[in-house]
file entry.csv (CSV, C-alpha atoms and all ligand atoms)
chain,number,residue,atom,x,y,z
A,286,MET,CA,-36.3,4.8,-54.5
A,287,LYS,CA,-34.1,6.2,-57.2
A,288,LYS,CA,-34.6,5.2,-60.8
A,289,LYS,CA,-31.8,3.8,-62.9
A,290,GLY,CA,-31.9,2.6,-66.5
A,291,PHE,CA,-30.9,-1.1,-66.8
A,292,ILE,CA,-29.8,-2.0,-70.3
A,293,PHE,CA,-29.2,-5.7,-71.2
A,294,ASP,CA,-27.3,-6.9,-74.2
A,295,LEU,CA,-29.0,-10.1,-75.6
A,296,ASP,CA,-26.6,-12.6,-77.1
A,297,GLY,CA,-24.4,-14.1,-74.4
A,298,VAL,CA,-26.1,-12.1,-71.6
A,299,ILE,CA,-29.8,-13.1,-71.6
A,300,VAL,CA,-29.6,-16.2,-73.8
A,301,ASP,CA,-26.7,-18.4,-74.9
A,302,THR,CA,-27.0,-17.5,-78.6
A,303,ALA,CA,-23.3,-16.6,-78.7
A,304,LYS,CA,-22.7,-20.4,-79.4
A,305,TYR,CA,-25.1,-20.4,-82.4
A,306,HIS,CA,-23.4,-17.3,-83.9
A,307,PHE,CA,-20.1,-19.1,-83.4
A,308,LEU,CA,-21.3,-22.3,-85.1
A,309,ALA,CA,-22.8,-20.4,-88.0
A,310,TRP,CA,-19.7,-18.2,-88.6
A,311,LYS,CA,-17.4,-21.2,-88.3
A,312,LYS,CA,-19.4,-23.1,-90.9
A,313,LEU,CA,-19.3,-20.2,-93.2
A,314,ALA,CA,-15.6,-19.4,-92.7
A,315,ASN,CA,-14.6,-23.1,-93.1
A,316,SER,CA,-16.7,-23.3,-96.3
A,317,LEU,CA,-14.4,-20.4,-97.6
A,318,GLU,CA,-11.4,-22.3,-96.4
A,319,ILE,CA,-10.8,-19.8,-93.7
A,320,ASP,CA,-9.7,-20.9,-90.2
A,321,PHE,CA,-11.8,-19.7,-87.4
A,322,THR,CA,-10.8,-19.9,-83.8
A,323,GLU,CA,-12.5,-19.2,-80.5
A,324,GLU,CA,-10.2,-16.2,-80.0
A,325,GLU,CA,-11.3,-14.8,-83.3
A,326,ASN,CA,-14.9,-15.4,-82.3
A,327,GLU,CA,-14.4,-13.4,-79.2
A,328,GLN,CA,-13.6,-10.4,-81.4
A,329,LEU,CA,-17.0,-10.9,-83.2
A,330,LYS,CA,-19.1,-10.8,-80.1
A,331,GLY,CA,-21.3,-7.7,-80.1
A,332,VAL,CA,-20.1,-6.8,-83.6
A,333,SER,CA,-22.7,-6.4,-86.4
A,334,ARG,CA,-23.3,-9.0,-89.1
A,335,VAL,CA,-21.7,-6.9,-91.8
A,336,ARG,CA,-18.7,-6.0,-89.8
A,337,SER,CA,-18.3,-9.7,-88.7
A,338,LEU,CA,-18.1,-10.9,-92.2
A,339,GLU,CA,-15.7,-8.2,-93.2
A,340,LYS,CA,-13.4,-9.3,-90.4
A,341,ILE,CA,-13.6,-13.0,-91.3
A,342,LEU,CA,-12.8,-12.2,-94.9
A,343,SER,CA,-9.8,-10.0,-93.9
A,344,TRP,CA,-8.5,-12.8,-91.6
A,345,GLY,CA,-8.6,-15.1,-94.6
A,346,ASN,CA,-7.2,-12.5,-97.0
A,347,LYS,CA,-10.2,-12.9,-99.2
A,348,THR,CA,-11.9,-10.3,-101.4
A,349,ILE,CA,-15.3,-11.0,-102.9
A,350,SER,CA,-17.9,-9.2,-104.9
A,351,GLU,CA,-20.7,-7.2,-103.3
A,352,ASP,CA,-23.3,-9.7,-104.5
A,353,ARG,CA,-21.3,-12.7,-103.0
A,354,PHE,CA,-21.0,-10.7,-99.8
A,355,LYS,CA,-24.8,-10.4,-99.6
A,356,GLU,CA,-25.2,-14.0,-100.4
A,357,LEU,CA,-22.9,-15.1,-97.6
A,358,MET,CA,-24.6,-12.8,-95.1
A,359,ALA,CA,-27.9,-14.4,-96.0
A,360,GLU,CA,-26.4,-17.9,-95.7
A,361,LYS,CA,-25.0,-17.2,-92.3
A,362,ASN,CA,-28.3,-15.8,-91.0
A,363,GLU,CA,-30.3,-18.7,-92.4
A,364,ASP,CA,-28.0,-21.1,-90.7
A,365,TYR,CA,-28.2,-19.1,-87.4
A,366,LEU,CA,-32.0,-18.9,-87.6
A,367,SER,CA,-32.2,-22.7,-88.0
A,368,HIS,CA,-30.7,-22.9,-84.5
A,369,ILE,CA,-32.9,-20.1,-83.2
A,370,SER,CA,-36.1,-21.7,-84.4
A,371,LYS,CA,-35.5,-24.5,-81.8
A,372,MET,CA,-35.1,-22.1,-78.9
A,373,ASP,CA,-37.4,-21.9,-75.9
A,374,GLU,CA,-37.4,-20.6,-72.3
A,375,ASN,CA,-34.9,-23.3,-71.3
A,376,GLU,CA,-32.2,-21.3,-73.1
A,377,ILE,CA,-32.5,-18.2,-70.9
A,378,LEU,CA,-29.3,-18.0,-68.9
A,379,PRO,CA,-29.3,-18.9,-65.2
A,380,ASP,CA,-30.7,-16.3,-62.8
A,381,VAL,CA,-31.6,-13.8,-65.6
A,382,PRO,CA,-35.3,-14.1,-64.7
A,383,ARG,CA,-34.5,-13.5,-61.0
A,384,VAL,CA,-32.8,-10.2,-61.9
A,385,LEU,CA,-35.5,-9.1,-64.3
A,386,HIS,CA,-38.2,-9.8,-61.7
A,387,LEU,CA,-36.3,-8.0,-59.0
A,388,LEU,CA,-35.9,-4.9,-61.3
A,389,LYS,CA,-39.6,-5.0,-62.0
A,390,GLU,CA,-40.4,-5.2,-58.4
A,391,LEU,CA,-38.1,-2.3,-57.7
A,392,GLN,CA,-39.8,-0.4,-60.5
A,393,GLN,CA,-36.6,0.1,-62.5
A,394,PRO,CA,-36.9,0.7,-66.2
A,395,ILE,CA,-35.3,-2.0,-68.4
A,396,SER,CA,-34.2,-1.8,-72.0
A,397,LEU,CA,-32.6,-4.2,-74.5
A,398,GLY,CA,-29.5,-2.9,-76.2
A,399,SER,CA,-28.4,-5.4,-78.8
A,400,ALA,CA,-26.6,-5.4,-82.1
A,401,SER,CA,-28.8,-8.2,-83.5
A,402,LYS,CA,-31.4,-7.8,-86.1
A,403,ASN,CA,-32.9,-11.0,-84.8
A,404,ALA,CA,-33.3,-9.7,-81.2
A,405,ARG,CA,-37.1,-9.3,-81.2
A,406,THR,CA,-37.6,-12.8,-82.7
A,407,ILE,CA,-35.4,-14.3,-80.0
A,408,LEU,CA,-37.1,-12.4,-77.1
A,409,GLU,CA,-40.4,-13.7,-78.4
A,410,ARG,CA,-39.2,-17.3,-78.6
A,411,VAL,CA,-38.0,-17.3,-75.0
A,412,ASN,CA,-41.0,-15.3,-73.8
A,413,LEU,CA,-39.2,-12.3,-72.4
A,414,LYS,CA,-40.4,-9.5,-74.6
A,415,SER,CA,-42.9,-8.2,-72.2
A,416,HIS,CA,-40.2,-7.6,-69.5
A,417,PHE,CA,-38.7,-4.7,-71.5
A,418,ASN,CA,-39.8,-1.1,-71.4
A,419,ALA,CA,-37.8,-0.4,-74.5
A,420,ILE,CA,-36.0,-2.5,-77.1
A,421,VAL,CA,-33.2,-1.2,-79.2
A,422,ASP,CA,-31.6,-3.6,-81.6
A,423,GLY,CA,-29.6,-3.9,-84.9
A,424,ASN,CA,-32.6,-2.5,-86.8
A,425,ASP,CA,-32.5,0.8,-84.9
A,426,VAL,CA,-28.9,1.8,-85.1
A,427,SER,CA,-26.6,3.1,-87.8
A,428,LYS,CA,-23.3,2.6,-85.8
A,429,ALA,CA,-22.3,-0.7,-84.4
A,430,LYS,CA,-20.7,-1.3,-80.9
A,431,PRO,CA,-18.1,-0.1,-79.7
A,432,ASP,CA,-20.0,3.0,-80.8
A,433,PRO,CA,-22.3,3.9,-77.9
A,434,GLU,CA,-25.3,4.7,-80.2
A,435,VAL,CA,-27.4,1.6,-79.2
A,436,PHE,CA,-27.1,2.4,-75.5
A,437,LEU,CA,-27.6,6.1,-75.8
A,438,ILE,CA,-30.9,5.4,-77.7
A,439,ALA,CA,-31.9,3.0,-75.0
A,440,ALA,CA,-31.3,5.6,-72.3
A,441,LYS,CA,-33.3,8.2,-74.2
A,442,LEU,CA,-36.2,5.8,-74.6
A,443,LEU,CA,-36.1,5.0,-70.9
A,444,ASP,CA,-35.8,8.8,-70.2
A,445,ILE,CA,-32.8,8.2,-67.9
A,446,ASN,CA,-29.5,10.1,-68.1
A,447,PRO,CA,-26.7,8.0,-69.5
A,448,GLU,CA,-24.6,8.3,-66.3
A,449,ASP,CA,-27.6,6.7,-64.5
A,450,CYS,CA,-27.7,3.7,-66.7
A,451,ILE,CA,-26.2,0.3,-66.1
A,452,VAL,CA,-25.2,-2.0,-69.0
A,453,PHE,CA,-24.8,-5.8,-68.8
A,454,GLU,CA,-22.5,-7.0,-71.6
A,455,ASP,CA,-20.6,-10.1,-72.6
A,456,SER,CA,-18.5,-8.6,-75.4
A,457,VAL,CA,-15.4,-6.5,-75.5
A,458,ALA,CA,-17.0,-4.1,-78.0
A,459,GLY,CA,-20.1,-3.7,-75.8
A,460,VAL,CA,-18.3,-3.0,-72.6
A,461,GLU,CA,-16.3,-0.4,-74.5
A,462,ALA,CA,-19.5,1.1,-75.9
A,463,ALA,CA,-21.0,1.3,-72.3
A,464,ASN,CA,-17.8,3.0,-71.0
A,465,VAL,CA,-17.8,5.5,-73.9
A,466,ALA,CA,-21.5,6.3,-73.1
A,467,ASN,CA,-20.5,7.1,-69.5
A,468,MET,CA,-22.6,4.3,-68.2
A,469,ILE,CA,-21.8,1.7,-65.5
A,470,SER,CA,-20.5,-1.4,-67.4
A,471,ILE,CA,-21.0,-4.8,-66.0
A,472,GLY,CA,-19.1,-7.6,-67.8
A,473,ILE,CA,-20.7,-11.0,-67.9
A,474,GLY,CA,-17.9,-13.5,-68.6
A,475,SER,CA,-14.3,-13.7,-67.8
A,476,GLU,CA,-12.2,-11.0,-66.1
A,477,ALA,CA,-9.4,-11.8,-68.6
A,478,VAL,CA,-11.5,-10.7,-71.5
A,479,LEU,CA,-13.7,-8.1,-69.9
A,480,GLY,CA,-11.2,-6.4,-67.6
A,481,HIS,CA,-12.2,-3.0,-68.9
A,482,ALA,CA,-15.7,-3.3,-67.3
A,483,GLN,CA,-16.3,-1.7,-64.0
A,484,HIS,CA,-17.6,-5.0,-62.5
A,485,VAL,CA,-17.2,-8.5,-63.9
A,486,PHE,CA,-19.3,-11.5,-63.0
A,487,ARG,CA,-19.0,-14.9,-64.5
A,488,ASP,CA,-22.8,-15.0,-64.9
A,489,PHE,CA,-26.0,-13.7,-63.2
A,490,THR,CA,-25.8,-16.4,-60.5
A,491,GLU,CA,-23.0,-14.3,-59.0
A,492,ILE,CA,-25.0,-11.1,-59.0
A,493,SER,CA,-26.8,-10.7,-55.7
A,494,ASN,CA,-30.0,-8.8,-55.1
A,495,GLU,CA,-28.0,-6.7,-52.7
A,496,PHE,CA,-25.6,-5.7,-55.5
A,497,ILE,CA,-28.5,-4.7,-57.8
A,498,LYS,CA,-30.0,-2.6,-55.0
A,499,SER,CA,-26.6,-1.0,-54.3
A,500,LEU,CA,-26.4,0.1,-58.0
A,501,ILE,CA,-29.8,1.8,-57.6
A,502,GLU,CA,-28.9,3.6,-54.5
A,503,LYS,CA,-25.6,4.9,-55.9
B,1,LIG,C1,-24.6,-9.5,-81.5
B,1,LIG,C2,-23.8,-10.7,-81.5
B,1,LIG,O1,-25.4,-9.4,-80.4
B,1,LIG,O2,-25.4,-9.4,-82.7
B,1,LIG,C3,-22.9,-10.8,-82.7
B,1,LIG,O3,-22.9,-10.7,-80.3
B,1,LIG,C4,-23.8,-10.7,-84.0
B,1,LIG,O4,-22.3,-12.1,-82.7
B,1,LIG,C5,-24.6,-9.4,-83.9
B,1,LIG,O5,-23.1,-10.8,-85.2
B,1,LIG,C6,-25.6,-9.3,-85.1
B,1,LIG,O6,-26.6,-10.2,-85.0
B,1,LIG,P1,-27.6,-10.7,-86.1
B,1,LIG,O7,-28.6,-11.6,-85.4
B,1,LIG,O8,-28.2,-9.4,-86.6
B,1,LIG,O9,-26.8,-11.3,-87.2
B,2,MG,MG,-23.5,-10.1,-76.5

call {"tool": "encode", "arguments": {"input": "entry.csv", "output": "structure tokens"}}
result
Amino acid sequence: MKKKGFIFDLDGVIVDTAKYHFLAWKKLANSLEIDFTEEENEQLKGVSRVRSLEKILSWGNKTISEDRFKELMAEKNEDYLSHISKMDENEILPDVPRVLHLLKELQQPISLGSASKNARTILERVNLKSHFNAIVDGNDVSKAKPDPEVFLIAAKLLDINPEDCIVFEDSVAGVEAANVANMISIGIGSEAVLGHAQHVFRDFTEISNEFIKSLIEK
């Protein structure tokens, strides 16, 4: 059987942490008297912590000192971590374990490709760390999605050519990064948001074992 590199984003793909990022950013934005909508949140998915705060401040037309910026970043992360600390296996999104087990059975290399600096902590909390042959997260990259760096590093670690990699992503920026990297992009979410992905599924329950096998044989 052929070998492909399967790269998973974390937040919103493996676990539903996107909702915790949203809650933490909303609390922070509102404390600065900045409105924060679900549509704006969509633009923050896959985007690094620094870049997210820059965007929120620009939406609210606010300029702040470098020290205050650092304080706010720490505040957001503390709030986010308070949600994370309560997480367990129950927060793994439906059918993700089925797909991970299938890939293992088919001896396909698997990597994480996340923008989050909290990725390793989260994988440990939900007991999935051992499923990954490689982990690339926000601590390993210098350029944020939509730059393809995170996925290209993952491909290298798996020793698979980028064009033989498949990326599962829930964010606009992440799908773009996968496309730029010349990988097969699979959007997890709505077609309206992720129409630029090569395939879009609402969630993993819609992804059949046959579909995964067909990706390997391609
Ligand atoms: C991405 C999330 O996975 O990680 C973003 O989609 C988040 O919402 C980014 O801002 C950085 O995460 P963290 O955990 O390092 O703040
Ligand atoms: Mg995501």

call {"tool": "residues_near_ligand", "arguments": {"input": "entry.csv", "ligand": "ligand MG 2 (chain B)", "cutoff": "8 Å", "atoms": "all atoms listed in the file", "output": "list of chain:residue names"}}
result
A:Asp294, A:Leu295, A:Asp296, A:Gly297, A:Val298, A:Ala303, A:Lys330, A:Gly331, A:Ser399, A:Ala400, A:Glu454, A:Asp455, A:Ser456, A:Gly459

call {"tool": "residues_around", "arguments": {"input": "entry.csv", "residues": "A:Arg405", "least_positions_apart": "4", "cutoff": "10 Å", "atoms": "all atoms listed in the file", "output": "ChimeraX atom specification"}}
result
/A:295,397,399,401,409-410,413-414,420-424

call {"tool": "residues_around", "arguments": {"input": "entry.csv", "residues": "A:Ser470", "least_positions_apart": "4", "cutoff": "10 Å", "atoms": "all atoms listed in the file", "output": "list in words"}}
result
Ile292, Cys450, Ile451, Val452, Phe453, Glu454, Gly459, Val460, Glu461, Ala462, Ala463, Asn464, Val465, Ala466, Leu479, His481, Ala482, Gln483, His484 and Val485 of chain A

call {"tool": "atom_distance", "arguments": {"input": "entry.csv", "atom1": "atom CA of A:Val335", "atom2": "atom CA of A:Val300"}}
result
21.7 Å

call {"tool": "residues_around", "arguments": {"input": "entry.csv", "residues": "A:Leu387", "least_positions_apart": "6", "cutoff": "9 Å", "atoms": "only C-alpha atoms", "output": "ChimeraX atom specification"}}
result
/A:393,494,497

call {"tool": "closest_residue", "arguments": {"input": "entry.csv", "among": "A:Glu360, A:Leu408, A:Ser316, A:Pro447", "to": "A:Glu434", "atoms": "all atoms listed in the file"}}
result
A:Pro447

call {"tool": "closest_residue", "arguments": {"input": "entry.csv", "among": "A:Ser427, A:Ser370, A:Asn362, A:Ser493", "to": "ligand LIG 1 (chain B)", "atoms": "all atoms listed in the file"}}
result
A:Asn362

call {"tool": "atom_distance", "arguments": {"input": "entry.csv", "atom1": "atom CA of A:Ser475", "atom2": "atom CA of A:Pro379"}}
result
16.1 Å

call {"tool": "atom_distance", "arguments": {"input": "entry.csv", "atom1": "atom CA of A:Phe291", "atom2": "atom CA of A:Asn403"}}
result
20.6 Å

call {"tool": "residues_around", "arguments": {"input": "entry.csv", "residues": "stretch 364-366 of chain A", "least_positions_apart": "2", "cutoff": "8 Å", "atoms": "all atoms listed in the file", "output": "list in words"}}
result
Tyr305, His306, Leu308, Ala309, Glu360, Lys361, Asn362, His368, Ile369 and Ser370 of chain A

call {"tool": "closest_residue", "arguments": {"input": "entry.csv", "among": "A:Ile469, A:Ala404, A:Leu388, A:Met372", "to": "ligand LIG 1 (chain B)", "atoms": "all atoms listed in the file"}}
result
A:Ala404

call {"tool": "closest_residue", "arguments": {"input": "entry.csv", "among": "A:Val381, A:Ile438, A:Ile395, A:Ala458", "to": "ligand LIG 1 (chain B)", "atoms": "all atoms listed in the file"}}
result
A:Ala458

call {"tool": "closest_residue", "arguments": {"input": "entry.csv", "among": "A:Gly480, A:Pro433, A:Gly398, A:Pro382", "to": "ligand LIG 1 (chain B)", "atoms": "all atoms listed in the file"}}
result
A:Gly398

call {"tool": "residues_around", "arguments": {"input": "entry.csv", "residues": "A:Asn418", "least_positions_apart": "4", "cutoff": "8 Å", "atoms": "all atoms listed in the file", "output": "list in words"}}
result
Pro394, Ile395, Ser396 and Leu443 of chain A

call {"tool": "write_last_selection", "arguments": {"input": "entry.csv", "atoms": "C-alpha atoms", "output": "PDB file, in the coordinates of the input"}}
result
ATOM      1  CA  PRO A 394     -36.900   0.700 -66.200  1.00  0.00           C
ATOM      2  CA  ILE A 395     -35.300  -2.000 -68.400  1.00  0.00           C
ATOM      3  CA  SER A 396     -34.200  -1.800 -72.000  1.00  0.00           C
ATOM      4  CA  LEU A 443     -36.100   5.000 -70.900  1.00  0.00           C
TER       5      LEU A 443
END

call {"tool": "axis_aligned_box", "arguments": {"input": "entry.csv", "around": "stretch 487-502 of chain A", "padding_each_side": "8 Å", "output": "AutoDock Vina command-line options"}}
result
--center_x -24.5 --center_y -6.4 --center_z -58.8 --size_x 27.0 --size_y 36.0 --size_z 28.2

call {"tool": "closest_residue", "arguments": {"input": "entry.csv", "among": "A:Asp444, A:Asp449, A:Glu390, A:Asp301", "to": "ligand LIG 1 (chain B)", "atoms": "all atoms listed in the file"}}
result
A:Asp301
